[in-house]
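First the structure, in the form of C-alpha cells, and then the observations on it.
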Amino acid sequence: MTFPLDHLVFTPHDVDLSRSPLAGHIDEETYVLGAFNPGMTRLPDGNLLMMVRVAEALRTPIREGHVRAIRWHDGRYHLDNWPLQLVDTADPRKFMMRGGGWKVMALTSLSWLLPVELDASGRRVEAVHYDQAIAPRASYQNYGVEDARISRVDGRYLMTTCSVSPERHSTTLYTSDDARDWQLEGIVLDHQNKDMLIFEGRIGGKFWSQTRPLGDLYFAYPPDSEWRAGPSINLASSPDALHWKPSDHPGIRPHAATVATARMGGGAQPVMTDDGWLTLWHGVEPSGVVGIYRTYWTLLDRDEPWRTVATQHQPLLEPNPALTEPLKDLMYLDNVVFTTGIVDAGDHWIVASGEADLACRITHIPKTAIAPG
C-alpha cells in the first residue's frame, strides 16, 4: 500500500548530543544509536508533539575485555564494566548474562525522551525542546526511559513510558496540562507489563488501557482453537489513571491462522471513530534475532472494548527499506516498523512510528484504508 505522505521526519543526525542529559557526565564518546518510537499528540496550538526515544550509546562499548553499560544513579551517569566471558553480545541493543536460571540482561545504550515539535501535518520539524527532555530521575529508571505513548483524556495529557532498571521493568506515568511540562506520577504497572496505551476517552466513567504483560510461560489453547498461545494485548480499567484493575475479558490475542502476529503488543493510543475504538498494534513474525515487526489495525466496541468489531490479518504498515536507505551506514536492525502514535487529521490519520529502531516515520493513512466490512 502506498500513502500520500510516508517519510522519515527525525533521525539520529538531527540530535545534538551536546545538549543531551548525559553531556558532561561520562568521559567517553557517545552517539545516537536510534531516535525512534515517538509518542505523538496534538498540542493546543495545533502543532504535533513527538516524544522521541533517544538511545544514546557508547562509541566504544567494548574495551580491555569488558563491555560497558551506562547507568544513572543519584543524579549522575556511571559506566559499569562486565567481563566479556560472562555475557552474550549477539543482539546489538543489549547483552545477556550467561548462566543462571533466568534471563538477565543489560543495555548497550541509555534512553531518554526528547520533545520534537512538528507542524500540524507532520511534514517538518518546527522546534526541538532540549530544555524539556525527560531523563531518569528515580532508581526504577536507572537504565533509561523508553517508548512514550501519549493520550489526551478530559483535556489532560497522560503519557506512559517504560522505565528500565534492575529493580523492575515497569510502566510509569507522566501527566501534563499542556504537553510541555510533565509531572512524573510514578509506577502504574509492575514488572514486564509494558506497551500501555490509555484510551483517549472514558468508558463507563472509567479510564481504560491496553497492556501487554510478558512472561516465559503460556498455556496452550485446544488444538482446534482459533487462538495461538503467547503474549497478548490485555485490558485494564482505572478510576483515576493511577490504580489499574486488569479486565476479566481477554483483549486482542494472536490468531492461529497466521504466524505473522505470533507475538504482539500495543502500538498507538486507541482513538474513537464512528465505528468504535481504533487501535493500531504491532505483530511480530519470528525471523532472525528480533523478528519482523508490522503494524495492524483493529476496531473495538465503544462500550465493551474487549469485543472486536473488525480487524484483518493483512498489515497496515510494513517496514520500508527505501526510507532508511540514506541512513544505511547507521543501520543495525531491519524489518521493523513500530507504531507509537496517531492523530486525527480530518480525512486521514497521521501515524507516527519508529522505523528500524533508528528514526521517526510519519505516515498519512486515509481513513478509507481502515473500515469494517
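So you can find residues: chains in the C-alpha cells are A, B, ... in the order shown, residues in each start at 1, and ligands are numbered from 1 in order.
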
Please produce, as JSON lines, a per-residue contact table for range 30-64 of chain A versus range 10-19 of chain A (criterion: any atom at most 7 Å away, only C-alpha atoms considered), showing the nearest atom pair and its distance in Å to one decimal, sorted by chain then residue number.
```
{"residue": "A:Val32", "atom": "CA", "partner": "A:Pro12", "partner_atom": "CA", "distance": 5.6}
{"residue": "A:Gly34", "atom": "CA", "partner": "A:Pro12", "partner_atom": "CA", "distance": 5.8}
{"residue": "A:Ala35", "atom": "CA", "partner": "A:Pro12", "partner_atom": "CA", "distance": 5.3}
```

Spatial neighbours of Asp119 in chain A, 9 Å, only C-alpha atoms, chain gap at least 4 places, as a count of residues only:
8

Run DSSP on the backbone and give me the residues of range 91-334 of chain A it puts in helix (DSSP H, G or I), as an MDAnalysis selection string.
chainID A and resid 130:132 139:141 321:330

Atoms to include: N, CA and C atoms. Write the selected residues as a short mmCIF file (atom, residue, chain, number, x, y, z; two decimals), in the first residue's frame.
```cif
data_model
loop_
_atom_site.label_atom_id
_atom_site.label_comp_id
_atom_site.auth_asym_id
_atom_site.auth_seq_id
_atom_site.Cartn_x
_atom_site.Cartn_y
_atom_site.Cartn_z
N TYR A 130 15.13 20.70 23.90
CA TYR A 130 16.08 20.01 24.76
C TYR A 130 15.86 20.38 26.24
N ASP A 131 15.37 21.59 26.48
CA ASP A 131 15.17 22.03 27.87
C ASP A 131 14.01 21.30 28.53
N GLN A 132 13.20 20.58 27.75
CA GLN A 132 12.08 19.83 28.30
C GLN A 132 12.29 18.31 28.19
N SER A 139 15.23 5.58 40.97
CA SER A 139 16.03 4.36 40.90
C SER A 139 15.42 3.32 39.97
N TYR A 140 14.10 3.35 39.78
CA TYR A 140 13.47 2.39 38.86
C TYR A 140 13.64 2.80 37.40
N GLN A 141 14.41 3.86 37.13
CA GLN A 141 14.68 4.31 35.77
C GLN A 141 16.17 4.34 35.45
N PRO A 321 12.35 -0.29 3.56
CA PRO A 321 13.81 -0.13 3.42
C PRO A 321 14.20 1.11 2.62
N ALA A 322 13.34 1.56 1.71
CA ALA A 322 13.67 2.74 0.92
C ALA A 322 13.81 3.98 1.81
N LEU A 323 13.06 4.04 2.89
CA LEU A 323 13.15 5.19 3.78
C LEU A 323 14.49 5.26 4.50
N THR A 324 15.01 4.11 4.88
CA THR A 324 16.26 4.09 5.64
C THR A 324 17.50 3.95 4.76
N GLU A 325 17.34 3.84 3.45
CA GLU A 325 18.49 3.69 2.56
C GLU A 325 19.51 4.82 2.77
N PRO A 326 19.09 6.09 2.91
CA PRO A 326 20.09 7.15 3.15
C PRO A 326 20.83 7.02 4.49
N LEU A 327 20.30 6.19 5.38
CA LEU A 327 20.89 6.00 6.71
C LEU A 327 21.53 4.63 6.85
N LYS A 328 21.84 3.98 5.73
CA LYS A 328 22.29 2.58 5.78
C LYS A 328 23.56 2.41 6.60
N ASP A 329 24.39 3.44 6.68
CA ASP A 329 25.62 3.32 7.47
C ASP A 329 25.33 3.30 8.97
N LEU A 330 24.12 3.69 9.37
CA LEU A 330 23.74 3.70 10.78
C LEU A 330 22.91 2.48 11.17
#
```

Could you pull out the strand (DSSP E or B) residues of range 34-248 of chain A, going by DSSP on the backbone, and write them as a ChimeraX atom specification?
/A:34-42,48-58,62-63,66-73,76-83,87-88,94-97,105-107,109-118,125-128,134,144-153,156-164,169-176,183-189,193-198,203,206-213,227,233-238,245-246

Using only C-alpha atoms, which protein or nucleic acid residues come within 7 Å of Thr261 in chain A? Drop anything in the same chain fewer than 4 positions from it, and give the result as a PyMOL selection string.
chain A and resi 254+283-285

Could you pull the residues within 10 Å of Gly205 in chain A, counting only C-alpha atoms, minus those fewer than 5 positions along the same chain, as a ChimeraX atom specification?
/A:237-239

Write out the residues from the selection above, keeping N, CA and C atoms, as an mmCIF file, in the first residue's frame.
```cif
data_model
loop_
_atom_site.group_PDB
_atom_site.id
_atom_site.type_symbol
_atom_site.label_atom_id
_atom_site.label_comp_id
_atom_site.auth_asym_id
_atom_site.auth_seq_id
_atom_site.Cartn_x
_atom_site.Cartn_y
_atom_site.Cartn_z
ATOM 1 N N SER A 237 -8.775 -1.255 33.665
ATOM 2 C CA SER A 237 -9.546 -0.030 33.893
ATOM 3 C C SER A 237 -9.128 0.610 35.206
ATOM 4 N N SER A 238 -9.452 1.910 35.330
ATOM 5 C CA SER A 238 -8.994 2.662 36.497
ATOM 6 C C SER A 238 -9.946 3.818 36.782
ATOM 7 N N PRO A 239 -10.134 4.145 38.053
ATOM 8 C CA PRO A 239 -10.952 5.322 38.376
ATOM 9 C C PRO A 239 -10.182 6.630 38.230
#
```

Compile the contact shell of Leu316 in chain A as a PDB file with N, CA and C atoms, in the first residue's frame: residues with an atom at most 12 Å away, counting only C-alpha atoms, same-chain residues fewer than 6 positions apart removed.
```pdb
ATOM      1  N   MET A   1       0.838  -1.188   0.000  1.00  0.00           N
ATOM      2  CA  MET A   1       0.000   0.000   0.000  1.00  0.00           C
ATOM      3  C   MET A   1       0.880   1.248   0.000  1.00  0.00           C
ATOM      4  N   THR A   2       0.537   2.225  -0.820  1.00  0.00           N
ATOM      5  CA  THR A   2       1.249   3.496  -0.837  1.00  0.00           C
ATOM      6  C   THR A   2       0.390   4.558  -0.155  1.00  0.00           C
ATOM      7  N   PHE A   3       1.033   5.600   0.367  1.00  0.00           N
ATOM      8  CA  PHE A   3       0.345   6.614   1.151  1.00  0.00           C
ATOM      9  C   PHE A   3       0.683   8.005   0.638  1.00  0.00           C
ATOM     10  N   THR A 279      -7.557   0.883  17.241  1.00  0.00           N
ATOM     11  CA  THR A 279      -6.264   0.611  17.858  1.00  0.00           C
ATOM     12  C   THR A 279      -5.305   0.063  16.806  1.00  0.00           C
ATOM     13  N   LEU A 280      -4.121   0.633  16.753  1.00  0.00           N
ATOM     14  CA  LEU A 280      -3.041   0.135  15.912  1.00  0.00           C
ATOM     15  C   LEU A 280      -2.064  -0.600  16.802  1.00  0.00           C
ATOM     16  N   TRP A 281      -1.661  -1.786  16.391  1.00  0.00           N
ATOM     17  CA  TRP A 281      -0.800  -2.618  17.225  1.00  0.00           C
ATOM     18  C   TRP A 281       0.253  -3.297  16.359  1.00  0.00           C
ATOM     19  N   HIS A 282       1.297  -3.809  17.013  1.00  0.00           N
ATOM     20  CA  HIS A 282       2.350  -4.475  16.243  1.00  0.00           C
ATOM     21  C   HIS A 282       2.245  -5.991  16.385  1.00  0.00           C
ATOM     22  N   GLY A 283       2.474  -6.658  15.263  1.00  0.00           N
ATOM     23  CA  GLY A 283       2.615  -8.101  15.239  1.00  0.00           C
ATOM     24  C   GLY A 283       4.027  -8.450  14.817  1.00  0.00           C
ATOM     25  N   TYR A 293       8.635  -6.880  12.373  1.00  0.00           N
ATOM     26  CA  TYR A 293       7.583  -6.091  13.015  1.00  0.00           C
ATOM     27  C   TYR A 293       6.744  -5.388  11.952  1.00  0.00           C
ATOM     28  N   ARG A 294       5.421  -5.533  12.059  1.00  0.00           N
ATOM     29  CA  ARG A 294       4.483  -4.849  11.176  1.00  0.00           C
ATOM     30  C   ARG A 294       3.354  -4.246  12.022  1.00  0.00           C
ATOM     31  N   THR A 295       2.634  -3.284  11.434  1.00  0.00           N
ATOM     32  CA  THR A 295       1.519  -2.635  12.127  1.00  0.00           C
ATOM     33  C   THR A 295       0.187  -3.147  11.577  1.00  0.00           C
ATOM     34  N   TYR A 296      -0.724  -3.486  12.485  1.00  0.00           N
ATOM     35  CA  TYR A 296      -2.060  -3.975  12.150  1.00  0.00           C
ATOM     36  C   TYR A 296      -3.107  -3.079  12.810  1.00  0.00           C
ATOM     37  N   TRP A 297      -4.347  -3.200  12.384  1.00  0.00           N
ATOM     38  CA  TRP A 297      -5.421  -2.397  12.974  1.00  0.00           C
ATOM     39  C   TRP A 297      -6.563  -3.293  13.437  1.00  0.00           C
ATOM     40  N   THR A 298      -7.249  -2.807  14.469  1.00  0.00           N
ATOM     41  CA  THR A 298      -8.456  -3.451  14.979  1.00  0.00           C
ATOM     42  C   THR A 298      -9.411  -2.360  15.436  1.00  0.00           C
ATOM     43  N   VAL A 337       8.958  -1.935  11.822  1.00  0.00           N
ATOM     44  CA  VAL A 337       8.194  -0.692  11.974  1.00  0.00           C
ATOM     45  C   VAL A 337       7.384  -0.858  13.255  1.00  0.00           C
ATOM     46  N   PHE A 338       7.462   0.147  14.114  1.00  0.00           N
ATOM     47  CA  PHE A 338       6.895   0.055  15.458  1.00  0.00           C
ATOM     48  C   PHE A 338       6.066   1.317  15.692  1.00  0.00           C
ATOM     49  N   THR A 339       4.758   1.214  15.476  1.00  0.00           N
ATOM     50  CA  THR A 339       3.875   2.374  15.544  1.00  0.00           C
ATOM     51  C   THR A 339       3.595   2.761  16.989  1.00  0.00           C
ATOM     52  N   VAL A 351       0.062   9.060  11.447  1.00  0.00           N
ATOM     53  CA  VAL A 351       0.562   7.949  12.258  1.00  0.00           C
ATOM     54  C   VAL A 351       2.074   8.093  12.441  1.00  0.00           C
ATOM     55  N   THR A 363       3.389   8.856   8.658  1.00  0.00           N
ATOM     56  CA  THR A 363       2.615   8.332   7.538  1.00  0.00           C
ATOM     57  C   THR A 363       1.204   8.897   7.584  1.00  0.00           C
ATOM     58  N   HIS A 364       0.723   9.392   6.449  1.00  0.00           N
ATOM     59  CA  HIS A 364      -0.671   9.800   6.323  1.00  0.00           C
ATOM     60  C   HIS A 364      -1.468   8.621   5.764  1.00  0.00           C
ATOM     61  N   ILE A 365      -2.388   8.112   6.573  1.00  0.00           N
ATOM     62  CA  ILE A 365      -3.174   6.943   6.192  1.00  0.00           C
ATOM     63  C   ILE A 365      -4.631   7.371   5.982  1.00  0.00           C
ATOM     64  N   PRO A 366      -5.148   7.247   4.754  1.00  0.00           N
ATOM     65  CA  PRO A 366      -6.554   7.622   4.510  1.00  0.00           C
ATOM     66  C   PRO A 366      -7.486   6.807   5.412  1.00  0.00           C
ATOM     67  N   LYS A 367      -8.518   7.445   5.895  1.00  0.00           N
ATOM     68  CA  LYS A 367      -9.456   6.750   6.772  1.00  0.00           C
ATOM     69  C   LYS A 367     -10.169   5.627   6.034  1.00  0.00           C
ATOM     70  N   THR A 368     -10.235   5.725   4.708  1.00  0.00           N
ATOM     71  CA  THR A 368     -10.865   4.652   3.941  1.00  0.00           C
ATOM     72  C   THR A 368     -10.061   3.361   3.972  1.00  0.00           C
ATOM     73  N   ALA A 369      -8.781   3.428   4.391  1.00  0.00           N
ATOM     74  CA  ALA A 369      -7.955   2.212   4.465  1.00  0.00           C
ATOM     75  C   ALA A 369      -8.302   1.373   5.685  1.00  0.00           C
ATOM     76  N   ILE A 370      -9.070   1.960   6.618  1.00  0.00           N
ATOM     77  CA  ILE A 370      -9.435   1.267   7.853  1.00  0.00           C
ATOM     78  C   ILE A 370     -10.940   1.361   7.997  1.00  0.00           C
ATOM     79  N   ALA A 371     -11.614   0.267   7.718  1.00  0.00           N
ATOM     80  CA  ALA A 371     -13.080   0.298   7.780  1.00  0.00           C
ATOM     81  C   ALA A 371     -13.619  -1.107   7.986  1.00  0.00           C
TER      82      ALA A 371
END
```

Using only C-alpha atoms, what table do you get, as a tab-separated table, when you list each residue of range 9-108 of chain A with an atom no more than 12 Å from range 146-162 of chain A, its nearest pair of atoms, and their distance in Å rounded to one decimal, rows by chain then rising number?
```
residue	atom	partner	partner_atom	distance
A:Gly34	CA	A:Glu146	CA	11.6
A:Ala35	CA	A:Asp147	CA	10.6
A:Phe36	CA	A:Asp147	CA	8.3
A:Asn37	CA	A:Asp147	CA	5.7
A:Pro38	CA	A:Ala148	CA	6.5
A:Gly39	CA	A:Arg149	CA	4.3
A:Met40	CA	A:Ile150	CA	6.0
A:Thr41	CA	A:Ile150	CA	6.2
A:Arg42	CA	A:Arg152	CA	8.8
A:Leu43	CA	A:Tyr157	CA	9.7
A:Pro44	CA	A:Gly155	CA	9.7
A:Leu48	CA	A:Ile150	CA	11.5
A:Leu49	CA	A:Ile150	CA	9.5
A:Met50	CA	A:Ile150	CA	9.1
A:Met51	CA	A:Ala148	CA	6.4
A:Val52	CA	A:Ala148	CA	7.6
A:Arg53	CA	A:Glu146	CA	5.9
A:Val54	CA	A:Glu146	CA	8.3
A:Ala55	CA	A:Glu146	CA	8.5
A:Glu56	CA	A:Glu146	CA	11.6
```

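Across the model, the gap from CA of Thr273 in chain A to CA of Ile233 in chain A is 20.0 Å.
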
Pick from A:Met331, A:Ile252, A:Ala127, A:Leu84 nearest to Met96 in chain A, counting only C-alpha atoms:
A:Leu84

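Counting only C-alpha atoms and comparing A:Gly215, A:Gly144, A:Gly373, A:Gly100, the residue that lies closest to Ser165 in chain A is A:Gly144.
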
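Distances from A:Gln192, A:Ala229, A:Leu278, A:Ile292 to Thr308 in chain A were compared using only C-alpha atoms, and the smallest one belongs to A:Leu278.
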
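Distances from A:Leu58, A:Val116, A:Val259, A:Val164 to Val9 in chain A were compared using only C-alpha atoms, and the smallest one belongs to A:Val116.
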